[in-house]
Every structure is written in structure tokens, then in C-alpha cells.
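Structure data (mmCIF, N, CA and C atoms) from start_6.cif:
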data_run
#
loop_
_atom_site.label_atom_id
_atom_site.label_comp_id
_atom_site.auth_asym_id
_atom_site.auth_seq_id
_atom_site.Cartn_x
_atom_site.Cartn_y
_atom_site.Cartn_z
N MET A 166 0.82 -1.20 0.00
CA MET A 166 0.00 0.00 0.00
C MET A 166 0.86 1.26 0.00
N ALA A 167 1.90 1.27 0.81
CA ALA A 167 2.79 2.43 0.89
C ALA A 167 3.57 2.59 -0.39
N ALA A 168 3.94 1.47 -1.03
CA ALA A 168 4.70 1.53 -2.28
C ALA A 168 3.84 2.11 -3.40
N SER A 169 2.58 1.74 -3.44
CA SER A 169 1.71 2.27 -4.50
C SER A 169 1.44 3.76 -4.27
N ALA A 170 1.31 4.18 -3.01
CA ALA A 170 1.12 5.60 -2.72
C ALA A 170 2.36 6.39 -3.09
N ASP A 171 3.54 5.78 -2.86
CA ASP A 171 4.80 6.44 -3.22
C ASP A 171 4.91 6.60 -4.74
N LYS A 172 4.50 5.59 -5.49
CA LYS A 172 4.53 5.68 -6.96
C LYS A 172 3.56 6.74 -7.48
N VAL A 173 2.39 6.82 -6.87
CA VAL A 173 1.40 7.82 -7.28
C VAL A 173 1.92 9.22 -7.00
N LEU A 174 2.50 9.42 -5.83
CA LEU A 174 3.04 10.75 -5.49
C LEU A 174 4.21 11.12 -6.40
N THR A 175 5.04 10.16 -6.74
CA THR A 175 6.15 10.42 -7.67
C THR A 175 5.61 10.81 -9.05
N LEU A 176 4.61 10.10 -9.51
CA LEU A 176 4.00 10.41 -10.80
C LEU A 176 3.36 11.80 -10.79
N VAL A 177 2.66 12.14 -9.71
CA VAL A 177 2.03 13.46 -9.59
C VAL A 177 3.08 14.56 -9.54
N SER A 178 4.17 14.33 -8.82
CA SER A 178 5.21 15.37 -8.74
C SER A 178 5.89 15.57 -10.07
N ARG A 179 6.14 14.52 -10.82
CA ARG A 179 6.76 14.65 -12.15
C ARG A 179 5.83 15.39 -13.11
N ALA A 180 4.55 15.06 -13.04
CA ALA A 180 3.58 15.73 -13.92
C ALA A 180 3.46 17.21 -13.57
N SER A 181 3.47 17.53 -12.29
CA SER A 181 3.36 18.94 -11.91
C SER A 181 4.61 19.72 -12.28
N LEU A 182 5.78 19.10 -12.17
CA LEU A 182 7.00 19.78 -12.61
C LEU A 182 6.98 20.01 -14.12
N GLY A 183 6.50 19.02 -14.85
CA GLY A 183 6.40 19.18 -16.31
C GLY A 183 5.43 20.27 -16.70
N LEU A 184 4.28 20.32 -16.06
CA LEU A 184 3.29 21.37 -16.36
C LEU A 184 3.81 22.74 -15.93
N GLY A 185 4.52 22.78 -14.82
CA GLY A 185 5.10 24.05 -14.37
C GLY A 185 6.14 24.56 -15.36
N GLY A 186 6.94 23.63 -15.89
CA GLY A 186 7.93 24.01 -16.90
C GLY A 186 7.28 24.51 -18.17
N LEU A 187 6.19 23.88 -18.57
CA LEU A 187 5.46 24.32 -19.76
C LEU A 187 4.79 25.68 -19.55
N ALA A 188 4.41 25.97 -18.31
CA ALA A 188 3.76 27.25 -18.02
C ALA A 188 4.75 28.41 -18.09
N ILE A 189 6.02 28.15 -17.87
CA ILE A 189 7.04 29.21 -17.90
C ILE A 189 7.41 29.59 -19.33
N ILE A 190 7.29 28.66 -20.26
CA ILE A 190 7.74 28.88 -21.64
C ILE A 190 7.10 30.11 -22.30
N PRO A 191 5.78 30.32 -22.22
CA PRO A 191 5.22 31.50 -22.88
C PRO A 191 5.76 32.83 -22.33
N SER A 192 6.02 32.91 -21.05
CA SER A 192 6.51 34.17 -20.50
C SER A 192 7.95 34.44 -20.91
N VAL A 193 8.71 33.40 -21.23
CA VAL A 193 10.10 33.57 -21.63
C VAL A 193 10.22 33.75 -23.14
N CYS A 194 9.35 33.13 -23.92
CA CYS A 194 9.49 33.10 -25.37
C CYS A 194 8.59 34.09 -26.12
N LEU A 195 7.72 34.81 -25.43
CA LEU A 195 6.82 35.75 -26.08
C LEU A 195 7.00 37.14 -25.49
N PHE A 196 6.79 38.16 -26.31
CA PHE A 196 6.78 39.54 -25.81
C PHE A 196 5.65 40.30 -26.49
N ASP A 197 5.11 41.28 -25.78
CA ASP A 197 3.99 42.08 -26.27
C ASP A 197 4.46 43.47 -26.65
N VAL A 198 3.93 43.97 -27.76
CA VAL A 198 4.16 45.35 -28.17
C VAL A 198 2.81 46.06 -28.03
N ASP A 199 2.76 47.06 -27.16
CA ASP A 199 1.53 47.79 -26.88
C ASP A 199 1.20 48.77 -27.99
N GLY A 200 0.00 49.32 -27.95
CA GLY A 200 -0.42 50.34 -28.91
C GLY A 200 0.44 51.59 -28.78
N GLY A 201 0.81 52.17 -29.89
CA GLY A 201 1.64 53.37 -29.87
C GLY A 201 3.12 53.07 -29.70
N GLN A 202 3.49 51.80 -29.77
CA GLN A 202 4.89 51.41 -29.65
C GLN A 202 5.27 50.51 -30.81
N ARG A 203 6.56 50.46 -31.07
CA ARG A 203 7.13 49.49 -32.01
C ARG A 203 8.35 48.89 -31.35
N ALA A 204 8.72 47.68 -31.77
CA ALA A 204 9.86 46.99 -31.17
C ALA A 204 10.91 46.73 -32.24
N VAL A 205 12.16 46.94 -31.84
CA VAL A 205 13.32 46.58 -32.64
C VAL A 205 14.00 45.45 -31.88
N VAL A 206 14.30 44.36 -32.57
CA VAL A 206 14.87 43.19 -31.92
C VAL A 206 16.38 43.16 -32.15
N PHE A 207 17.13 43.07 -31.04
CA PHE A 207 18.58 42.91 -31.10
C PHE A 207 18.89 41.43 -30.98
N ASN A 208 19.49 40.87 -32.02
CA ASN A 208 19.86 39.46 -32.05
C ASN A 208 21.34 39.37 -31.67
N MET A 209 21.66 38.54 -30.70
CA MET A 209 23.04 38.42 -30.22
C MET A 209 24.01 37.91 -31.30
N LEU A 210 23.51 37.19 -32.28
CA LEU A 210 24.37 36.64 -33.32
C LEU A 210 24.54 37.58 -34.50
N SER A 211 23.45 38.21 -34.94
CA SER A 211 23.50 39.01 -36.17
C SER A 211 23.34 40.51 -35.95
N GLY A 212 23.11 40.96 -34.74
CA GLY A 212 22.94 42.39 -34.49
C GLY A 212 21.48 42.80 -34.56
N VAL A 213 21.25 44.07 -34.86
CA VAL A 213 19.90 44.62 -34.91
C VAL A 213 19.21 44.15 -36.19
N GLU A 214 18.03 43.57 -36.03
CA GLU A 214 17.26 43.10 -37.19
C GLU A 214 16.58 44.29 -37.88
N ASP A 215 16.44 44.21 -39.20
CA ASP A 215 15.85 45.29 -39.98
C ASP A 215 14.33 45.34 -39.88
N LYS A 216 13.71 44.27 -39.42
CA LYS A 216 12.25 44.21 -39.32
C LYS A 216 11.80 44.91 -38.04
N VAL A 217 10.82 45.80 -38.17
CA VAL A 217 10.23 46.48 -37.02
C VAL A 217 8.95 45.74 -36.65
N ARG A 218 8.83 45.35 -35.40
CA ARG A 218 7.65 44.60 -34.94
C ARG A 218 6.56 45.58 -34.54
N GLY A 219 5.35 45.37 -35.03
CA GLY A 219 4.21 46.22 -34.72
C GLY A 219 3.48 45.74 -33.48
N GLU A 220 2.28 46.27 -33.30
CA GLU A 220 1.48 45.92 -32.12
C GLU A 220 1.13 44.45 -32.13
N GLY A 221 1.09 43.85 -30.95
CA GLY A 221 0.69 42.45 -30.83
C GLY A 221 1.70 41.64 -30.06
N THR A 222 1.53 40.33 -30.10
CA THR A 222 2.41 39.39 -29.41
C THR A 222 3.35 38.77 -30.42
N HIS A 223 4.62 38.70 -30.07
CA HIS A 223 5.65 38.21 -30.99
C HIS A 223 6.52 37.18 -30.28
N PHE A 224 7.14 36.33 -31.08
CA PHE A 224 8.01 35.26 -30.58
C PHE A 224 9.45 35.76 -30.47
N LYS A 225 10.16 35.31 -29.44
CA LYS A 225 11.59 35.58 -29.32
C LYS A 225 12.28 34.35 -28.78
N VAL A 226 13.55 34.20 -29.12
CA VAL A 226 14.36 33.12 -28.58
C VAL A 226 15.01 33.66 -27.31
N PRO A 227 14.78 33.02 -26.16
CA PRO A 227 15.32 33.55 -24.90
C PRO A 227 16.84 33.65 -24.93
N TRP A 228 17.35 34.71 -24.36
CA TRP A 228 18.77 35.02 -24.21
C TRP A 228 19.49 35.21 -25.54
N LEU A 229 18.79 35.11 -26.65
CA LEU A 229 19.40 35.34 -27.95
C LEU A 229 18.81 36.59 -28.62
N MET A 230 17.53 36.85 -28.38
CA MET A 230 16.85 38.00 -28.96
C MET A 230 16.36 38.91 -27.84
N GLN A 231 16.69 40.18 -27.94
CA GLN A 231 16.27 41.15 -26.92
C GLN A 231 15.46 42.25 -27.60
N PRO A 232 14.15 42.32 -27.35
CA PRO A 232 13.34 43.38 -27.95
C PRO A 232 13.52 44.70 -27.21
N ARG A 233 13.61 45.79 -27.96
CA ARG A 233 13.69 47.15 -27.41
C ARG A 233 12.48 47.92 -27.90
N MET A 234 11.73 48.49 -26.97
CA MET A 234 10.49 49.18 -27.30
C MET A 234 10.76 50.66 -27.56
N TYR A 235 10.09 51.19 -28.59
CA TYR A 235 10.16 52.61 -28.92
C TYR A 235 8.75 53.18 -28.98
N ASN A 236 8.58 54.34 -28.39
CA ASN A 236 7.30 55.04 -28.41
C ASN A 236 7.23 55.81 -29.74
N ILE A 237 6.20 55.55 -30.54
CA ILE A 237 6.10 56.21 -31.84
C ILE A 237 5.02 57.29 -31.85
N ARG A 238 4.46 57.57 -30.68
CA ARG A 238 3.47 58.64 -30.60
C ARG A 238 4.15 60.00 -30.67
N LEU A 239 3.37 61.00 -31.01
CA LEU A 239 3.87 62.37 -31.03
C LEU A 239 4.10 62.82 -29.59
N ARG A 240 5.35 63.24 -29.28
CA ARG A 240 5.70 63.64 -27.91
C ARG A 240 6.28 65.04 -27.89
N PRO A 241 6.05 65.78 -26.80
CA PRO A 241 6.64 67.11 -26.69
C PRO A 241 8.01 67.07 -26.03
N LYS A 242 8.84 68.03 -26.38
CA LYS A 242 10.16 68.19 -25.75
C LYS A 242 10.38 69.69 -25.59
N LEU A 243 10.58 70.14 -24.36
CA LEU A 243 10.79 71.55 -24.07
C LEU A 243 12.28 71.82 -23.99
N ILE A 244 12.75 72.74 -24.81
CA ILE A 244 14.17 73.08 -24.87
C ILE A 244 14.31 74.58 -24.69
N GLN A 245 15.27 74.97 -23.86
CA GLN A 245 15.53 76.41 -23.68
C GLN A 245 16.99 76.70 -23.96
N THR A 246 17.24 77.89 -24.46
CA THR A 246 18.61 78.32 -24.72
C THR A 246 18.72 79.81 -24.44
N THR A 247 19.91 80.23 -24.13
CA THR A 247 20.19 81.64 -23.89
C THR A 247 21.05 82.15 -25.03
N THR A 248 20.65 83.27 -25.60
CA THR A 248 21.38 83.83 -26.72
C THR A 248 21.47 85.34 -26.57
N GLY A 249 22.37 85.95 -27.29
CA GLY A 249 22.54 87.40 -27.24
C GLY A 249 21.89 88.07 -28.43
N THR A 250 21.42 89.30 -28.22
CA THR A 250 20.82 90.07 -29.30
C THR A 250 21.86 91.03 -29.87
N LYS A 251 21.46 91.81 -30.89
CA LYS A 251 22.39 92.74 -31.51
C LYS A 251 22.79 93.87 -30.58
N ASP A 252 21.89 94.22 -29.67
CA ASP A 252 22.22 95.30 -28.73
C ASP A 252 22.80 94.75 -27.42
N LEU A 253 23.41 93.57 -27.47
CA LEU A 253 24.15 92.94 -26.38
C LEU A 253 23.31 92.63 -25.15
N GLN A 254 22.05 92.32 -25.33
CA GLN A 254 21.22 91.87 -24.23
C GLN A 254 21.11 90.35 -24.29
N THR A 255 20.89 89.75 -23.14
CA THR A 255 20.76 88.31 -23.08
C THR A 255 19.27 87.93 -23.05
N VAL A 256 18.90 87.01 -23.93
CA VAL A 256 17.51 86.59 -24.06
C VAL A 256 17.45 85.07 -23.89
N THR A 257 16.48 84.61 -23.09
CA THR A 257 16.25 83.18 -22.95
C THR A 257 15.04 82.80 -23.80
N ILE A 258 15.25 81.82 -24.65
CA ILE A 258 14.21 81.38 -25.58
C ILE A 258 13.78 79.95 -25.18
N HIS A 259 12.48 79.74 -25.07
CA HIS A 259 11.92 78.42 -24.79
C HIS A 259 11.20 77.94 -26.03
N VAL A 260 11.45 76.71 -26.40
CA VAL A 260 10.79 76.12 -27.57
C VAL A 260 10.22 74.76 -27.16
N ARG A 261 8.99 74.53 -27.54
CA ARG A 261 8.35 73.23 -27.32
C ARG A 261 8.27 72.53 -28.66
N MET A 262 9.05 71.48 -28.80
CA MET A 262 9.10 70.74 -30.06
C MET A 262 8.24 69.50 -29.94
N LEU A 263 7.50 69.18 -30.98
CA LEU A 263 6.75 67.92 -31.06
C LEU A 263 7.49 67.00 -32.02
N PHE A 264 7.79 65.79 -31.58
CA PHE A 264 8.57 64.89 -32.41
C PHE A 264 8.07 63.46 -32.26
N LYS A 265 8.40 62.66 -33.26
CA LYS A 265 8.19 61.22 -33.21
C LYS A 265 9.18 60.60 -34.18
N PRO A 266 9.61 59.36 -33.91
CA PRO A 266 10.58 58.74 -34.81
C PRO A 266 9.92 58.18 -36.06
N ASP A 267 10.69 58.06 -37.11
CA ASP A 267 10.24 57.41 -38.33
C ASP A 267 10.26 55.90 -38.09
N VAL A 268 9.12 55.25 -38.29
CA VAL A 268 9.00 53.83 -37.94
C VAL A 268 9.95 52.97 -38.78
N GLU A 269 10.08 53.26 -40.07
CA GLU A 269 10.96 52.46 -40.92
C GLU A 269 12.43 52.68 -40.57
N GLY A 270 12.75 53.82 -39.96
CA GLY A 270 14.12 54.12 -39.60
C GLY A 270 14.52 53.70 -38.20
N LEU A 271 13.64 53.04 -37.46
CA LEU A 271 13.95 52.64 -36.08
C LEU A 271 15.17 51.72 -35.97
N PRO A 272 15.37 50.73 -36.85
CA PRO A 272 16.59 49.93 -36.73
C PRO A 272 17.87 50.76 -36.89
N THR A 273 17.86 51.71 -37.81
CA THR A 273 19.02 52.57 -37.99
C THR A 273 19.21 53.49 -36.79
N ILE A 274 18.12 54.03 -36.26
CA ILE A 274 18.21 54.87 -35.07
C ILE A 274 18.78 54.06 -33.91
N HIS A 275 18.31 52.85 -33.71
CA HIS A 275 18.80 52.01 -32.61
C HIS A 275 20.28 51.66 -32.81
N ARG A 276 20.66 51.38 -34.05
CA ARG A 276 22.03 50.98 -34.36
C ARG A 276 23.01 52.14 -34.16
N THR A 277 22.63 53.34 -34.57
CA THR A 277 23.57 54.46 -34.56
C THR A 277 23.47 55.35 -33.32
N LEU A 278 22.25 55.61 -32.84
CA LEU A 278 22.08 56.57 -31.75
C LEU A 278 21.71 55.92 -30.42
N GLY A 279 21.01 54.81 -30.44
CA GLY A 279 20.61 54.15 -29.20
C GLY A 279 19.20 54.52 -28.80
N GLU A 280 18.81 54.03 -27.61
CA GLU A 280 17.45 54.24 -27.14
C GLU A 280 17.18 55.67 -26.71
N ASP A 281 18.20 56.42 -26.36
CA ASP A 281 18.02 57.81 -25.91
C ASP A 281 18.32 58.79 -27.04
N TYR A 282 17.84 58.45 -28.24
CA TYR A 282 18.10 59.28 -29.42
C TYR A 282 17.59 60.70 -29.26
N ASP A 283 16.44 60.87 -28.57
CA ASP A 283 15.86 62.21 -28.44
C ASP A 283 16.73 63.11 -27.57
N GLU A 284 17.41 62.56 -26.58
CA GLU A 284 18.29 63.36 -25.73
C GLU A 284 19.59 63.72 -26.45
N ARG A 285 19.96 62.96 -27.44
CA ARG A 285 21.20 63.21 -28.18
C ARG A 285 21.00 64.18 -29.34
N VAL A 286 19.88 64.05 -30.05
CA VAL A 286 19.72 64.79 -31.30
C VAL A 286 18.97 66.11 -31.12
N LEU A 287 17.86 66.08 -30.40
CA LEU A 287 16.98 67.24 -30.35
C LEU A 287 17.61 68.50 -29.74
N PRO A 288 18.37 68.43 -28.65
CA PRO A 288 18.94 69.68 -28.12
C PRO A 288 19.87 70.39 -29.09
N SER A 289 20.71 69.66 -29.80
CA SER A 289 21.63 70.31 -30.73
C SER A 289 20.89 70.91 -31.92
N VAL A 290 19.89 70.19 -32.44
CA VAL A 290 19.12 70.71 -33.57
C VAL A 290 18.33 71.96 -33.14
N ALA A 291 17.71 71.90 -31.97
CA ALA A 291 16.92 73.03 -31.48
C ALA A 291 17.80 74.25 -31.25
N ASN A 292 18.97 74.07 -30.68
CA ASN A 292 19.87 75.21 -30.45
C ASN A 292 20.30 75.85 -31.76
N GLU A 293 20.58 75.04 -32.77
CA GLU A 293 20.97 75.59 -34.07
C GLU A 293 19.83 76.38 -34.69
N VAL A 294 18.61 75.89 -34.58
CA VAL A 294 17.47 76.58 -35.17
C VAL A 294 17.15 77.86 -34.42
N MET A 295 17.20 77.81 -33.08
CA MET A 295 16.84 78.99 -32.29
C MET A 295 17.87 80.10 -32.40
N LYS A 296 19.14 79.78 -32.55
CA LYS A 296 20.18 80.82 -32.61
C LYS A 296 20.36 81.37 -34.01
N ALA A 297 19.76 80.75 -35.00
CA ALA A 297 19.90 81.23 -36.39
C ALA A 297 19.03 82.44 -36.64
#
Before we go any further, please render this structure as C-alpha cells.
Amino acid sequence: MAASADKVLTLVSRASLGLGGLAIIPSVCLFDVDGGQRAVVFNMLSGVEDKVRGEGTHFKVPWLMQPRMYNIRLRPKLIQTTTGTKDLQTVTIHVRMLFKPDVEGLPTIHRTLGEDYDERVLPSVANEVMKA
């Protein structure tokens, strides 16, 4: 009687471990892209993939593919600069820029500028425009 109970418990424990392992697979192998976002996938073997993933659930190979999310909605950025006038007075100019990335260019943006592209590009462009 004890031997049969031991076999049943062993069978139940193996089945529960197997089901638990299967339950972990979707959380490791799938990723979601929310509305207003796009994903660029970094592959450890080949680099940044050229395909941009849209909204929905997508497959990834764990530890080999790393998705990076980008917000593609129109966003504001407030930039201020101080400049001099012709009569040697100092003026502070505030500009509110609305920007969003080009969806087809996201792999190139990720490859060359990184995830903080807006902090790298927008201040220099805004300063050039405001001082001109």
C-alpha cells in the first residue's frame, strides 16, 4: 500500500514539474508590443534586425533576442537656450518641439544613436534653429 502511494506521489510530482515548466515557456518566449509602440529586436548573433515589430504578441528566442520598445506617438520636448541680441542683451528662448521617430528608420536609429536618441539629437538641432 505504501509503495503504491509512493509511486502515485512520484507520478504526480513529475507531472506537476512538467506542467510548471510548460507554463514558464510563454513568459520567456513571447513579448507584447503595446499600442503606440514598435519593437526593434537585437539578435546576439547578427545584431539589430531590420524588421520592425508592430502591435501584438511576438516570438523571441530567450537570451538570444532582446526586444527594445520605442514610443512612436507624437511627444513634446521643451528646450531652452540663452542667446545674445544685436544690442548685447541676453535673451532666454523656450521652444516646445513635437517629435516622433520614423517607424521604418527605427533599426538605424537604434544601431547608430541608441534608445536615448531624443536626448542626443533634439537639443543640438533646437539650439541651431533657435540661434539662427
For A:Arg218, which residue among A:Thr257, A:Met230, A:Asp252, A:Val198 is the nearest when counting all atoms listed in the file?
A:Val198
Report, in Å with one decimal, the straight-line distance from atom CA of A:Pro241 to atom CA of A:His223.
29.2 Å
When the PyMOL selection byres (((chain A and resi 235 and name CA) around 12) and name CA) is applied to the file above, which residues end up in the set, as a ChimeraX atom specification?
/A:198-206,217-220,232-234,236-240,265-268,270-272,274-275,279-283
Can you pull out every residue within 8 Å of A:Val193, counting all atoms listed in the file, but drop anything in the same chain fewer than 4 positions away, and send it as a ChimeraX atom specification?
/A:188-189,224-228
Could you please determine the separation between atom N of A:Asn208 and atom C of A:Leu278 in Å, to one decimal place?
15.3 Å
Using the chain letters and numbers from this file, what does the PyMOL selection byres ((chain A and resi 259) around 8) select? Give the answer as a list in words.
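Applied to this file, the PyMOL selection byres ((chain A and resi 259) around 8) returns Leu243, Ile244, Gln245, Thr246, Thr247, Val256, Thr257, Ile258, Val260, Arg261 and Met262 of chain A.
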Enumerate as number ranges by chain all residues of stretch 182-271 of chain A assigned to strand (DSSP E or B) by DSSP on the backbone, naming them with the chain letters and numbers the document uses.
A: 195-198, 202-208, 212-218, 221-224, 230-236, 240-249, 255-264
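When atom CA of A:Arg276 is paired with atom CA of A:Phe207, their separation reads 9.4 Å.
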Give the helix (DSSP H, G or I) residues of chain A, as DSSP finds them on the backbone, and put them as an NGL selection string.
:A and (167-194 or 268-277 or 282-296)
